[in-house]
Each structure stands twice: as C-alpha cells, then as structure tokens.
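To be precise, the following lines are target-v2.csv, and they hold CSV, C-alpha atoms.
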chain,number,residue,atom,x,y,z
A,1259,MET,CA,141.5,176.5,27.8
A,1260,LYS,CA,139.7,173.5,26.4
A,1261,ALA,CA,138.4,175.6,23.5
A,1262,PHE,CA,142.0,176.8,22.9
A,1263,PHE,CA,143.3,173.2,22.5
A,1264,SER,CA,140.5,172.3,20.3
A,1265,GLU,CA,141.6,175.1,17.9
A,1266,ILE,CA,145.2,173.7,18.1
A,1267,LEU,CA,143.8,170.3,17.3
A,1268,GLY,CA,142.0,171.9,14.4
A,1269,GLY,CA,145.4,173.4,13.4
A,1270,LEU,CA,146.7,169.9,13.2
A,1271,PHE,CA,144.0,169.0,10.7
A,1272,VAL,CA,145.1,172.0,8.7
A,1273,VAL,CA,148.6,170.7,8.7
A,1274,VAL,CA,147.4,167.2,7.6
A,1275,ALA,CA,145.3,168.8,4.8
A,1276,ALA,CA,148.2,170.9,3.6
A,1277,THR,CA,150.5,167.9,3.6
A,1278,VAL,CA,148.1,166.0,1.4
A,1279,ILE,CA,147.8,168.9,-1.0
A,1280,GLY,CA,151.6,169.4,-1.0
A,1281,VAL,CA,152.4,165.8,-1.6
A,1282,THR,CA,149.8,165.6,-4.4
A,1283,VAL,CA,151.0,168.8,-6.2
A,1284,ASN,CA,154.6,167.7,-5.7
A,1285,GLY,CA,153.9,164.4,-7.5
A,1286,MET,CA,152.4,166.3,-10.5
A,1287,ARG,CA,155.1,168.9,-11.0
A,1288,PRO,CA,158.3,168.4,-12.9
A,1289,ASN,CA,160.6,169.8,-10.2
A,1290,GLY,CA,159.1,167.9,-7.4
A,1291,VAL,CA,161.2,166.1,-4.8
A,1292,ALA,CA,161.4,162.4,-4.0
A,1293,LEU,CA,159.3,161.8,-0.9
A,1294,ILE,CA,162.2,159.8,0.5
A,1295,PRO,CA,165.5,161.3,-0.5
A,1296,SER,CA,167.8,158.9,-2.3
A,1297,GLY,CA,171.3,158.3,-1.0
A,1298,ALA,CA,172.5,158.5,2.5
A,1299,PRO,CA,174.1,161.2,4.6
A,1300,VAL,CA,177.9,161.4,4.3
A,1301,SER,CA,179.5,161.1,7.7
A,1302,THR,CA,183.3,161.6,8.2
A,1303,VAL,CA,183.3,163.9,11.1
A,1304,GLN,CA,185.3,162.9,14.2
A,1305,HIS,CA,183.4,163.8,17.3
A,1306,ASP,CA,185.1,164.5,20.6
A,1307,ASP,CA,184.3,161.0,21.9
A,1308,ALA,CA,186.1,159.4,19.0
A,1309,PRO,CA,189.7,158.4,19.7
A,1310,ALA,CA,191.9,161.5,19.5
A,1311,ALA,CA,190.6,163.9,16.9
A,1312,ASP,CA,193.9,164.1,15.1
A,1313,THR,CA,195.3,167.4,14.1
A,1314,SER,CA,198.9,166.2,13.9
A,1315,LEU,CA,200.5,165.7,10.6
A,1316,ALA,CA,200.7,162.0,10.8
A,1317,ASP,CA,199.0,160.4,7.9
A,1318,THR,CA,196.4,158.4,9.9
A,1319,THR,CA,193.6,156.3,8.5
A,1320,VAL,CA,190.5,158.3,7.7
A,1321,ALA,CA,186.8,157.5,7.6
A,1322,GLU,CA,185.1,156.2,4.5
A,1323,GLY,CA,184.5,159.0,2.0
A,1324,ALA,CA,187.3,161.1,3.5
A,1325,ILE,CA,190.9,161.7,2.3
A,1326,SER,CA,194.0,162.3,4.3
A,1327,LEU,CA,196.3,165.3,4.3
A,1328,ALA,CA,198.8,163.6,2.1
A,1329,GLU,CA,196.1,162.7,-0.5
A,1330,MET,CA,194.8,166.3,-0.3
A,1331,LYS,CA,198.3,167.6,-1.0
A,1332,ARG,CA,198.7,165.2,-3.9
A,1333,ARG,CA,195.3,166.3,-5.4
A,1334,PHE,CA,196.3,170.0,-4.9
A,1335,ASP,CA,199.7,169.5,-6.7
A,1336,ALA,CA,198.0,167.6,-9.5
A,1337,GLY,CA,195.5,170.4,-9.9
A,1338,THR,CA,193.0,168.2,-11.8
A,1339,GLY,CA,190.1,168.2,-9.4
A,1340,PHE,CA,188.0,170.8,-7.7
A,1341,VAL,CA,188.5,171.9,-4.1
A,1342,ILE,CA,185.5,173.3,-2.3
A,1343,ASP,CA,185.6,175.4,0.9
A,1344,ALA,CA,182.4,174.8,2.9
A,1345,ARG,CA,183.1,177.5,5.5
A,1346,SER,CA,181.5,180.9,5.6
A,1347,PRO,CA,182.4,183.6,3.1
A,1348,GLU,CA,184.1,185.6,5.9
A,1349,GLU,CA,186.4,182.6,6.8
A,1350,TYR,CA,187.0,182.0,3.2
A,1351,GLN,CA,188.1,185.6,2.6
A,1352,GLN,CA,190.5,185.4,5.5
A,1353,GLY,CA,192.3,182.5,3.9
A,1354,HIS,CA,191.7,179.3,2.0
A,1355,ILE,CA,193.5,176.6,0.0
A,1356,PRO,CA,194.5,178.3,-3.3
A,1357,GLY,CA,192.0,177.7,-6.1
A,1358,ALA,CA,189.3,176.6,-3.7
A,1359,ILE,CA,185.7,177.5,-4.6
A,1360,ASN,CA,183.6,178.8,-1.7
A,1361,ILE,CA,180.2,177.1,-1.3
A,1362,PRO,CA,179.0,177.9,2.3
A,1363,HIS,CA,177.4,174.7,3.6
A,1364,ASP,CA,174.3,176.6,4.9
A,1365,ARG,CA,173.6,178.5,1.7
A,1366,ILE,CA,173.8,175.7,-0.9
A,1367,PRO,CA,170.6,176.7,-2.8
A,1368,GLU,CA,171.9,180.2,-3.2
A,1369,TYR,CA,175.3,179.0,-4.5
A,1370,LEU,CA,173.9,176.3,-6.7
A,1371,ASP,CA,174.3,178.1,-10.0
A,1372,ALA,CA,177.9,178.9,-9.2
A,1373,LEU,CA,178.5,175.3,-8.3
A,1374,ASN,CA,176.8,174.0,-11.5
A,1375,SER,CA,178.7,176.4,-13.7
A,1376,GLN,CA,182.1,175.7,-12.3
A,1377,VAL,CA,182.1,172.0,-11.3
A,1378,PRO,CA,181.0,169.2,-13.7
A,1379,THR,CA,179.1,166.4,-12.0
A,1380,ASP,CA,181.8,163.9,-12.9
A,1381,GLY,CA,184.6,166.1,-11.6
A,1382,GLU,CA,186.9,165.0,-8.7
A,1383,VAL,CA,185.5,167.1,-5.8
A,1384,THR,CA,187.2,167.5,-2.5
A,1385,ILE,CA,185.4,169.4,0.3
A,1386,TYR,CA,187.0,170.8,3.4
A,1387,CYS,CA,185.9,173.0,6.3
A,1388,ARG,CA,187.6,174.0,9.6
A,1389,GLY,CA,189.0,170.8,10.8
A,1390,PRO,CA,188.3,167.2,11.8
A,1391,SER,CA,185.4,168.0,14.1
A,1392,CYS,CA,183.6,170.3,11.6
A,1393,ASP,CA,180.6,168.7,9.9
A,1394,PHE,CA,180.0,171.4,7.2
A,1395,SER,CA,181.8,169.3,4.6
A,1396,ASP,CA,179.6,166.3,5.4
A,1397,LEU,CA,176.5,168.3,4.9
A,1398,LEU,CA,177.7,169.7,1.6
A,1399,ALA,CA,178.9,166.3,0.4
A,1400,THR,CA,175.5,164.8,1.2
A,1401,GLU,CA,173.7,167.5,-0.8
A,1402,MET,CA,176.2,167.3,-3.7
A,1403,LYS,CA,175.8,163.6,-4.0
A,1404,MET,CA,172.0,164.0,-4.1
A,1405,LEU,CA,172.5,166.6,-6.9
A,1406,GLY,CA,174.3,164.0,-9.0
A,1407,TYR,CA,178.0,164.6,-8.2
A,1408,THR,CA,179.6,161.2,-8.4
A,1409,ASN,CA,183.1,161.7,-7.2
A,1410,VAL,CA,182.9,163.6,-3.9
A,1411,SER,CA,185.3,163.2,-1.0
A,1412,VAL,CA,185.9,165.1,2.2
A,1413,PHE,CA,189.3,166.3,3.4
A,1414,SER,CA,188.6,165.9,7.1
A,1415,GLY,CA,191.8,167.5,8.3
A,1416,GLY,CA,190.4,170.7,6.9
A,1417,TRP,CA,191.9,174.2,7.2
A,1418,GLU,CA,193.4,173.3,10.5
A,1419,GLN,CA,195.7,170.5,9.2
A,1420,TRP,CA,196.4,172.3,5.9
A,1421,THR,CA,197.8,175.4,7.7
A,1422,LEU,CA,199.5,173.4,10.4
A,1423,ALA,CA,201.4,171.6,7.6
A,1424,GLY,CA,202.5,175.0,6.3
A,1425,TYR,CA,201.1,174.4,2.8
A,1426,PRO,CA,200.3,177.3,0.5
A,1427,THR,CA,197.2,179.5,1.2
A,1428,GLU,CA,195.6,182.5,-0.3
A,1429,GLY,CA,193.5,185.2,1.2
A,1430,LEU,CA,193.6,188.3,3.3
A,1431,VAL,CA,195.7,186.9,6.2
A,1432,PRO,CA,199.2,185.9,4.9
A,1433,LYS,CA,200.4,182.6,6.4
B,1258,MET,CA,147.4,205.8,50.6
B,1259,ASP,CA,147.2,206.0,46.9
B,1260,THR,CA,143.5,205.4,46.2
B,1261,ARG,CA,143.4,207.2,42.9
B,1262,GLY,CA,145.9,204.8,41.3
B,1263,LEU,CA,143.7,201.8,41.6
B,1264,PRO,CA,140.7,202.7,39.4
B,1265,ASP,CA,143.1,204.3,36.9
B,1266,ARG,CA,145.0,201.0,36.7
B,1267,ARG,CA,141.8,199.1,36.5
B,1268,ALA,CA,140.7,201.4,33.7
B,1269,GLY,CA,144.1,200.9,32.0
B,1270,ALA,CA,143.7,197.1,32.2
B,1271,GLU,CA,140.2,197.4,30.8
B,1272,VAL,CA,141.5,199.4,27.8
B,1273,ILE,CA,144.3,196.9,27.1
B,1274,GLY,CA,141.8,194.1,27.5
B,1275,ARG,CA,139.4,195.6,25.1
B,1276,LEU,CA,142.2,196.3,22.7
B,1277,LEU,CA,143.4,192.6,22.9
B,1278,THR,CA,140.0,191.2,22.3
B,1279,GLY,CA,138.9,193.9,19.8
B,1280,GLN,CA,137.9,193.2,16.3
B,1281,GLY,CA,140.3,195.8,14.9
B,1282,LEU,CA,143.5,194.3,16.3
B,1283,ASN,CA,142.3,190.8,15.5
B,1284,LEU,CA,141.8,191.7,11.9
B,1285,VAL,CA,145.2,193.5,11.6
B,1286,LEU,CA,147.0,190.5,13.3
B,1287,ARG,CA,145.1,188.0,11.1
B,1288,LEU,CA,146.0,189.8,7.9
B,1289,PHE,CA,149.6,190.4,9.0
B,1290,LEU,CA,150.2,186.8,9.9
B,1291,GLY,CA,148.4,185.5,6.8
B,1292,GLY,CA,150.4,187.8,4.5
B,1293,LEU,CA,153.7,187.0,6.2
B,1294,PHE,CA,153.2,183.2,6.0
B,1295,VAL,CA,152.0,183.3,2.4
B,1296,TYR,CA,155.1,185.4,1.5
B,1297,ALA,CA,157.4,183.0,3.5
B,1298,ALA,CA,155.8,180.0,1.8
B,1299,PHE,CA,156.2,181.3,-1.7
B,1300,SER,CA,159.9,180.5,-2.3
B,1301,LYS,CA,159.7,177.3,-0.4
B,1302,VAL,CA,156.8,175.9,-2.4
B,1303,ALA,CA,158.5,177.1,-5.6
B,1304,ASP,CA,161.7,175.3,-4.7
B,1305,PRO,CA,161.0,172.3,-2.6
B,1306,ALA,CA,164.5,170.8,-3.1
B,1307,GLY,CA,166.1,174.0,-1.8
B,1308,PHE,CA,163.9,174.1,1.3
B,1309,ALA,CA,164.5,170.5,2.0
B,1310,MET,CA,168.2,171.3,2.1
B,1311,SER,CA,167.5,174.0,4.7
B,1312,VAL,CA,165.6,171.4,6.7
B,1313,ARG,CA,168.5,169.0,6.6
B,1314,GLY,CA,170.9,171.8,7.6
B,1315,TYR,CA,169.3,171.8,11.1
B,1316,LYS,CA,170.1,168.1,11.5
B,1317,ILE,CA,167.0,167.5,13.6
B,1318,VAL,CA,164.6,165.7,11.3
B,1319,PRO,CA,165.8,162.2,10.2
B,1320,PHE,CA,167.4,162.3,6.7
B,1321,ALA,CA,164.7,160.0,5.2
B,1322,LEU,CA,161.9,162.3,6.3
B,1323,SER,CA,163.5,165.6,5.4
B,1324,ASN,CA,161.7,166.0,2.0
B,1325,LEU,CA,158.3,165.1,3.3
B,1326,PHE,CA,158.8,167.4,6.3
B,1327,ALA,CA,159.8,170.3,4.0
B,1328,LEU,CA,156.7,169.7,1.8
B,1329,SER,CA,154.4,169.5,4.8
B,1330,MET,CA,155.8,172.7,6.4
B,1331,SER,CA,155.8,174.9,3.3
B,1332,TRP,CA,152.3,173.9,2.2
B,1333,THR,CA,151.0,174.4,5.8
B,1334,GLU,CA,152.4,177.9,5.7
B,1335,LEU,CA,150.7,178.6,2.4
B,1336,LEU,CA,147.3,177.0,3.2
B,1337,ALA,CA,147.0,178.5,6.7
B,1338,GLY,CA,148.2,181.9,5.5
B,1339,VAL,CA,145.5,181.9,2.8
B,1340,MET,CA,142.9,180.8,5.3
B,1341,LEU,CA,143.9,183.6,7.7
B,1342,ILE,CA,143.6,186.2,4.9
B,1343,LEU,CA,140.3,185.0,3.7
B,1344,GLY,CA,138.9,184.3,7.1
B,1345,LEU,CA,138.3,180.6,6.5
B,1346,TRP,CA,138.2,178.6,9.8
B,1347,THR,CA,140.4,181.4,11.1
B,1348,ARG,CA,141.1,180.0,14.6
B,1349,LYS,CA,142.1,176.7,13.2
B,1350,ALA,CA,144.4,178.3,10.7
B,1351,ALA,CA,145.9,180.4,13.5
B,1352,GLY,CA,146.3,177.1,15.4
B,1353,ALA,CA,148.3,175.6,12.5
B,1354,ILE,CA,150.5,178.7,12.4
B,1355,ALA,CA,151.0,178.5,16.2
B,1356,ILE,CA,152.1,174.8,15.8
B,1357,LEU,CA,154.6,175.8,13.1
B,1358,LEU,CA,156.0,178.7,15.2
B,1359,ALA,CA,156.4,176.5,18.2
B,1360,MET,CA,158.3,174.0,16.1
B,1361,PHE,CA,160.5,176.8,14.7
B,1362,ILE,CA,161.3,178.0,18.1
B,1363,VAL,CA,162.2,174.5,19.4
B,1364,ALA,CA,164.3,173.9,16.3
B,1365,ILE,CA,166.3,177.1,16.6
B,1366,VAL,CA,166.9,176.6,20.3
B,1367,MET,CA,168.2,173.1,19.6
B,1368,VAL,CA,170.6,174.4,16.9
B,1369,LEU,CA,171.8,177.3,19.1
B,1370,VAL,CA,172.3,175.0,22.1
B,1371,ARG,CA,174.4,172.7,20.0
B,1372,GLY,CA,176.5,175.7,18.9
B,1373,MET,CA,175.6,175.3,15.3
B,1374,VAL,CA,175.0,178.2,12.9
B,1375,VAL,CA,172.6,177.4,10.1
B,1376,ASP,CA,170.7,179.4,7.5
B,1377,CYS,CA,167.3,179.8,9.1
B,1378,GLY,CA,165.5,179.2,5.8
B,1379,CYS,CA,162.7,181.3,7.1
B,1380,PHE,CA,161.9,183.1,3.9
B,1381,GLY,CA,163.7,180.8,1.4
B,1382,GLU,CA,167.3,181.0,0.5
B,1383,GLY,CA,169.8,183.6,1.5
B,1384,GLY,CA,168.0,184.7,4.7
B,1385,SER,CA,169.4,185.4,8.1
B,1386,SER,CA,171.2,182.8,10.2
B,1387,THR,CA,169.8,181.3,13.3
B,1388,SER,CA,170.1,183.6,16.4
B,1389,TRP,CA,168.4,184.3,19.7
B,1390,LEU,CA,166.8,187.4,18.1
B,1391,LEU,CA,165.0,185.1,15.7
B,1392,ILE,CA,163.5,183.3,18.7
B,1393,VAL,CA,162.3,186.6,20.1
B,1394,ARG,CA,160.7,187.4,16.7
B,1395,ASN,CA,159.0,184.0,16.6
B,1396,LEU,CA,157.7,184.4,20.1
B,1397,ALA,CA,156.1,187.7,19.1
B,1398,LEU,CA,154.5,186.0,16.1
B,1399,LEU,CA,153.3,183.2,18.3
B,1400,THR,CA,151.7,185.7,20.7
B,1401,ALA,CA,149.9,187.2,17.7
B,1402,ALA,CA,148.7,183.8,16.6
B,1403,ILE,CA,147.4,183.0,20.1
B,1404,ILE,CA,145.5,186.3,20.3
B,1405,VAL,CA,143.8,185.4,17.0
B,1406,ILE,CA,143.0,181.9,18.3
B,1407,CYS,CA,141.5,183.3,21.5
B,1408,TYR,CA,139.7,186.4,20.4
B,1409,ASN,CA,138.8,186.0,16.7
B,1410,ASP,CA,135.0,186.4,16.4
B,1411,GLY,CA,134.6,186.0,12.7
B,1412,PHE,CA,134.7,189.7,11.8
B,1413,ALA,CA,135.2,190.3,8.1
B,1414,SER,CA,135.6,186.6,7.4
B,1415,LEU,CA,134.2,184.2,4.8
B,1416,HIS,CA,133.7,181.5,7.3
B,1417,ALA,CA,134.3,181.9,11.0
B,1418,GLY,CA,133.4,178.7,12.7
B,1419,ARG,CA,130.3,177.8,14.6
B,1420,ARG,CA,130.6,180.0,17.6
B,1421,ALA,CA,131.2,183.2,15.8
B,1422,GLY,CA,128.6,182.3,13.1
B,1423,ARG,CA,125.9,182.1,15.8
B,1424,LYS,CA,126.9,185.4,17.2
B,1425,ARG,CA,126.5,187.0,13.7
B,1426,GLN,CA,123.1,185.5,13.4
B,1427,PHE,CA,122.0,187.1,16.6
B,1428,SER,CA,123.1,190.5,15.6
B,1429,SER,CA,121.4,190.3,12.2
B,1430,THR,CA,118.0,189.3,13.7
B,1431,SER,CA,118.1,192.0,16.4
Please, can you express the file's structure as structure tokens?
Amino acid sequence: MKAFFSEILGGLFVVVAATVIGVTVNGMRPNGVALIPSGAPVSTVQHDDAPAADTSLADTTVAEGAISLAEMKRRFDAGTGFVIDARSPEEYQQGHIPGAINIPHDRIPEYLDALNSQVPTDGEVTIYCRGPSCDFSDLLATEMKMLGYTNVSVFSGGWEQWTLAGYPTEGLVPK
Amino acid sequence: MDTRGLPDRRAGAEVIGRLLTGQGLNLVLRLFLGGLFVYAAFSKVADPAGFAMSVRGYKIVPFALSNLFALSMSWTELLAGVMLILGLWTRKAAGAIAILLAMFIVAIVMVLVRGMVVDCGCFGEGGSSTSWLLIVRNLALLTAAIIVICYNDGFASLHAGRRAGRKRQFSSTS
C-alpha cells in the first residue's frame, strides 16, 4: 500500500512537470491563453433563494448585465441586434425567438466559427436560455466577452417569459 | 459436500491472479491508456482556449484558475501518455493518469448531482455530454491505471524504475 501511494506521489510530480512544460510552451506560442483569464464571469441568474424568481409579465428590475422582457421585445421589434439562443439544439428546434442564432452554451468552441461569421464583435448581442433560473446565458455571455464581444446582455426571462407573454416564435411546435 | 469445487475455484483465482499481474496484460493496458490519453490530449493542447471553456462549463474550478487548470490537465495527459507508451517511469505515469481520472470522476459526479448537463470535453470539442455511463467508463480506466501501478515490472520499457531495473539485472546475470 505504501508503495502504491509513493507511485501516486510520483504521479503528482509528473503533473507538476507537465504543468511547467505546458505553461512554458503556452507562453511561447501565438495562440496561447492568458494564465489568468481577463474579465469576470457574468452573473444574472436568479437562484431559488433569491426573492421570487419572477416569471410574471411585470417589468421588474433586473440584475446588472441583464435586460427585461419589455427591453427584449423592443430589441426584437427594432431588429437591429443579434439574439442568441444558448439552449440545446433540440430545444432550439422545438421553438425559439424568431431570428435567434443557436449557440449551445456547452459547445461554444464547436460553434465559434458560426458565431464569428454571423455576429460582429461590436454588435448588440442578447442571449437567452430557458428562464430566470437558467445559467446557460451567463456562461455564454462570459465566454463571448472574453472573445472580445463588447455589447453583450442577457435576457433573463428567457424562453419561459417570452412564450408566456405570447410573443412570436418559430420552430417545430406552433405556439 | 462439494470438495471438487474448492481446488477448481482456487485454480481459477490463480489464473486470474496470474493474468492480472502478467506482463502481457500490463503491456496491453499500458499502451492502451497511453494511446488514449495522448489522443485525448491532442485537441486540448492544440486549442487551449477551447479546453479552458470546457473547464469553465463545469463551474467547479474558480474562474481565475480555469486557464491554468486547463493547461495543467491537458499537458499532464500528453506527458503521462507518452511516458506510458515509451515505458518511462511507467508506474508514476500511471499514477498521474489515476489522479486525472479520479478528478474527472469527482467532477462529473458533482455536475450530475447539481443536475447540470455539460459537454464533457473529454476528447476536445463536440464530444459526449456528462452522464453516469461516463463515470463507469472512467472507473474502468482507473482500474486499468491501478493495475499498471501495482503490477508493472518494466517489461518492454525504456526506463522502469529502480525495483524493476534490479529484477532485470538479476535475470541477465543468471
């Protein structure tokens, strides 16, 4: 048993050595990452312990970096910005806000080319997912800000509030 | 009553024991684990920013440490994988792989318990999502790594560590 743990300890040395090599190579290559990521995680999600996760249509105040249902509707009507659906492709296919681009929050690297080709970094971006307690939008907003997108906000009411309000949708399931 | 069963069972256990500790199985497991981890490391090392995103998706590692953590994990996979294939400090390399696998298992359990579904990031982008099946797979891989740690004797290796090296010396002089 003692011998076993000494090999695990040896394994830790391998981890340390690999980290040193990795950090060194990362520093020398053009597409290396910053050791400490710049920016801060976006957090607009309303957890269950927060006062009444609001799915009603009342235009309540929203967290910093988030927009209300009314503002979402205004942006939708104006049609000048980009709406991004951070849910899974399956949910997106079932129904989404018309014109929304699907970038599943957990597959950002895979969808990066689609994102770059469709959305300019200075574009007005609004991200939504299922509803107020869903944090996919926050994760995607965090990554997009790190990628250089300057005008990113989260529609925290999400699909839940949008459909509850009876606003237009498109997709397989007619509303 | 059943006296014949006992020696049979003992013989069976002996066969399994010999198989587990045998050089053949150890070599196969070593090459398999090494190949798998070098393959897994490839896309992560090539795209550190993408893998860092996968790490942040789990929401376990603090945001500020996510990039460093991603670098450390992907390069450990690569280094330990290469060491396993070549047979360089094989047991320690398998130890590093076991540490990684144990971390993966804990991370996936945490994500599943919290009811999240994230891309596992196991083999770079576009892989499978986290699931209980993934935990079973990682447990199987962890078992393989532990067998290598316990029973590797430096067979077909560049450098096998002190203990196995001594054994090899004995056999060459006899």
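The space separating atom CA of Ser1329 of chain B from atom CA of Val1302 of chain B comes to 9.9 Å.
Rounded to one decimal, atom CA of Arg1287 of chain B and atom CA of Gly1280 of chain A lie 23.1 Å from each other.
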What separates atom CA of Arg1266 of chain B and atom CA of Ala1397 of chain B is a distance of 24.7 Å
Counting only C-alpha atoms, chain A residues within 10 Å of chain B, as a PDB file with C-alpha atoms, in the frame of the given file:
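As a result, result_10.pdb now contains:
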ATOM      1  CA  MET A1259     141.500 176.500  27.800  1.00  0.00           C
ATOM      2  CA  ALA A1261     138.400 175.600  23.500  1.00  0.00           C
ATOM      3  CA  PHE A1262     142.000 176.800  22.900  1.00  0.00           C
ATOM      4  CA  PHE A1263     143.300 173.200  22.500  1.00  0.00           C
ATOM      5  CA  SER A1264     140.500 172.300  20.300  1.00  0.00           C
ATOM      6  CA  GLU A1265     141.600 175.100  17.900  1.00  0.00           C
ATOM      7  CA  ILE A1266     145.200 173.700  18.100  1.00  0.00           C
ATOM      8  CA  LEU A1267     143.800 170.300  17.300  1.00  0.00           C
ATOM      9  CA  GLY A1268     142.000 171.900  14.400  1.00  0.00           C
ATOM     10  CA  GLY A1269     145.400 173.400  13.400  1.00  0.00           C
ATOM     11  CA  LEU A1270     146.700 169.900  13.200  1.00  0.00           C
ATOM     12  CA  PHE A1271     144.000 169.000  10.700  1.00  0.00           C
ATOM     13  CA  VAL A1272     145.100 172.000   8.700  1.00  0.00           C
ATOM     14  CA  VAL A1273     148.600 170.700   8.700  1.00  0.00           C
ATOM     15  CA  VAL A1274     147.400 167.200   7.600  1.00  0.00           C
ATOM     16  CA  ALA A1275     145.300 168.800   4.800  1.00  0.00           C
ATOM     17  CA  ALA A1276     148.200 170.900   3.600  1.00  0.00           C
ATOM     18  CA  THR A1277     150.500 167.900   3.600  1.00  0.00           C
ATOM     19  CA  VAL A1278     148.100 166.000   1.400  1.00  0.00           C
ATOM     20  CA  ILE A1279     147.800 168.900  -1.000  1.00  0.00           C
ATOM     21  CA  GLY A1280     151.600 169.400  -1.000  1.00  0.00           C
ATOM     22  CA  VAL A1281     152.400 165.800  -1.600  1.00  0.00           C
ATOM     23  CA  VAL A1283     151.000 168.800  -6.200  1.00  0.00           C
ATOM     24  CA  ASN A1284     154.600 167.700  -5.700  1.00  0.00           C
ATOM     25  CA  ASN A1289     160.600 169.800 -10.200  1.00  0.00           C
ATOM     26  CA  GLY A1290     159.100 167.900  -7.400  1.00  0.00           C
ATOM     27  CA  VAL A1291     161.200 166.100  -4.800  1.00  0.00           C
ATOM     28  CA  ALA A1292     161.400 162.400  -4.000  1.00  0.00           C
ATOM     29  CA  LEU A1293     159.300 161.800  -0.900  1.00  0.00           C
ATOM     30  CA  ILE A1294     162.200 159.800   0.500  1.00  0.00           C
ATOM     31  CA  PRO A1295     165.500 161.300  -0.500  1.00  0.00           C
ATOM     32  CA  SER A1296     167.800 158.900  -2.300  1.00  0.00           C
ATOM     33  CA  GLY A1297     171.300 158.300  -1.000  1.00  0.00           C
ATOM     34  CA  ALA A1298     172.500 158.500   2.500  1.00  0.00           C
ATOM     35  CA  PRO A1299     174.100 161.200   4.600  1.00  0.00           C
ATOM     36  CA  PRO A1362     179.000 177.900   2.300  1.00  0.00           C
ATOM     37  CA  HIS A1363     177.400 174.700   3.600  1.00  0.00           C
ATOM     38  CA  ASP A1364     174.300 176.600   4.900  1.00  0.00           C
ATOM     39  CA  ARG A1365     173.600 178.500   1.700  1.00  0.00           C
ATOM     40  CA  ILE A1366     173.800 175.700  -0.900  1.00  0.00           C
ATOM     41  CA  PRO A1367     170.600 176.700  -2.800  1.00  0.00           C
ATOM     42  CA  GLU A1368     171.900 180.200  -3.200  1.00  0.00           C
ATOM     43  CA  TYR A1369     175.300 179.000  -4.500  1.00  0.00           C
ATOM     44  CA  LEU A1370     173.900 176.300  -6.700  1.00  0.00           C
ATOM     45  CA  ASP A1393     180.600 168.700   9.900  1.00  0.00           C
ATOM     46  CA  PHE A1394     180.000 171.400   7.200  1.00  0.00           C
ATOM     47  CA  LEU A1397     176.500 168.300   4.900  1.00  0.00           C
ATOM     48  CA  LEU A1398     177.700 169.700   1.600  1.00  0.00           C
ATOM     49  CA  THR A1400     175.500 164.800   1.200  1.00  0.00           C
ATOM     50  CA  GLU A1401     173.700 167.500  -0.800  1.00  0.00           C
ATOM     51  CA  LEU A1405     172.500 166.600  -6.900  1.00  0.00           C
TER      52      LEU A1405
END
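Shell of Asn1409 of chain A at 7 Å, with all atoms listed in the file counted and residues fewer than 5 places along the chain excluded, is Asp1380, Gly1381, Glu1382 and Val1383 of chain A.
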Expected answer as a short mmCIF file (atom, residue, chain, number, x, y, z; two decimals) with C-alpha atoms, keeping the file's coordinate frame: all residues with atoms within 9 Å of (184.3, 176.9, 4.5), all atoms listed in the file:
data_model
loop_
_atom_site.label_atom_id
_atom_site.label_comp_id
_atom_site.auth_asym_id
_atom_site.auth_seq_id
_atom_site.Cartn_x
_atom_site.Cartn_y
_atom_site.Cartn_z
CA ILE A 1342 185.50 173.30 -2.30
CA ASP A 1343 185.60 175.40 0.90
CA ALA A 1344 182.40 174.80 2.90
CA ARG A 1345 183.10 177.50 5.50
CA SER A 1346 181.50 180.90 5.60
CA PRO A 1347 182.40 183.60 3.10
CA GLU A 1348 184.10 185.60 5.90
CA GLU A 1349 186.40 182.60 6.80
CA TYR A 1350 187.00 182.00 3.20
CA HIS A 1354 191.70 179.30 2.00
CA ASN A 1360 183.60 178.80 -1.70
CA ILE A 1361 180.20 177.10 -1.30
CA PRO A 1362 179.00 177.90 2.30
CA HIS A 1363 177.40 174.70 3.60
CA ILE A 1385 185.40 169.40 0.30
CA TYR A 1386 187.00 170.80 3.40
CA CYS A 1387 185.90 173.00 6.30
CA ARG A 1388 187.60 174.00 9.60
CA PHE A 1394 180.00 171.40 7.20
CA SER A 1395 181.80 169.30 4.60
CA TRP A 1417 191.90 174.20 7.20
#
Nearest to Ser1391 of chain A, restricted to only C-alpha atoms and choosing among A:Thr1421, A:Met1404, A:Arg1287, A:Ser1301, comes out as A:Ser1301
Just want the 7 Å neighbourhood of Thr1302 of chain A, counted on all atoms listed in the file, with same-chain residues fewer than 6 positions away dropped. Output as a PyMOL selection string. chain A and resi 1321-1324+1396+1414
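Closest approach to Leu1343 of chain B among B:Ala1268, B:Ala1401, B:Val1295, B:Val1393 is made by B:Val1295 (distances from only C-alpha atoms).
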**Study point:** Residue neighbourhood Asn1409 of chain B, 9 Å, all atoms listed in the file, exclusion window fewer than 6 positions, as an NGL selection string
**Key:** :B and (1278-1280 or 1283-1284 or 1287 or 1347-1348 or 1417 or 1421)
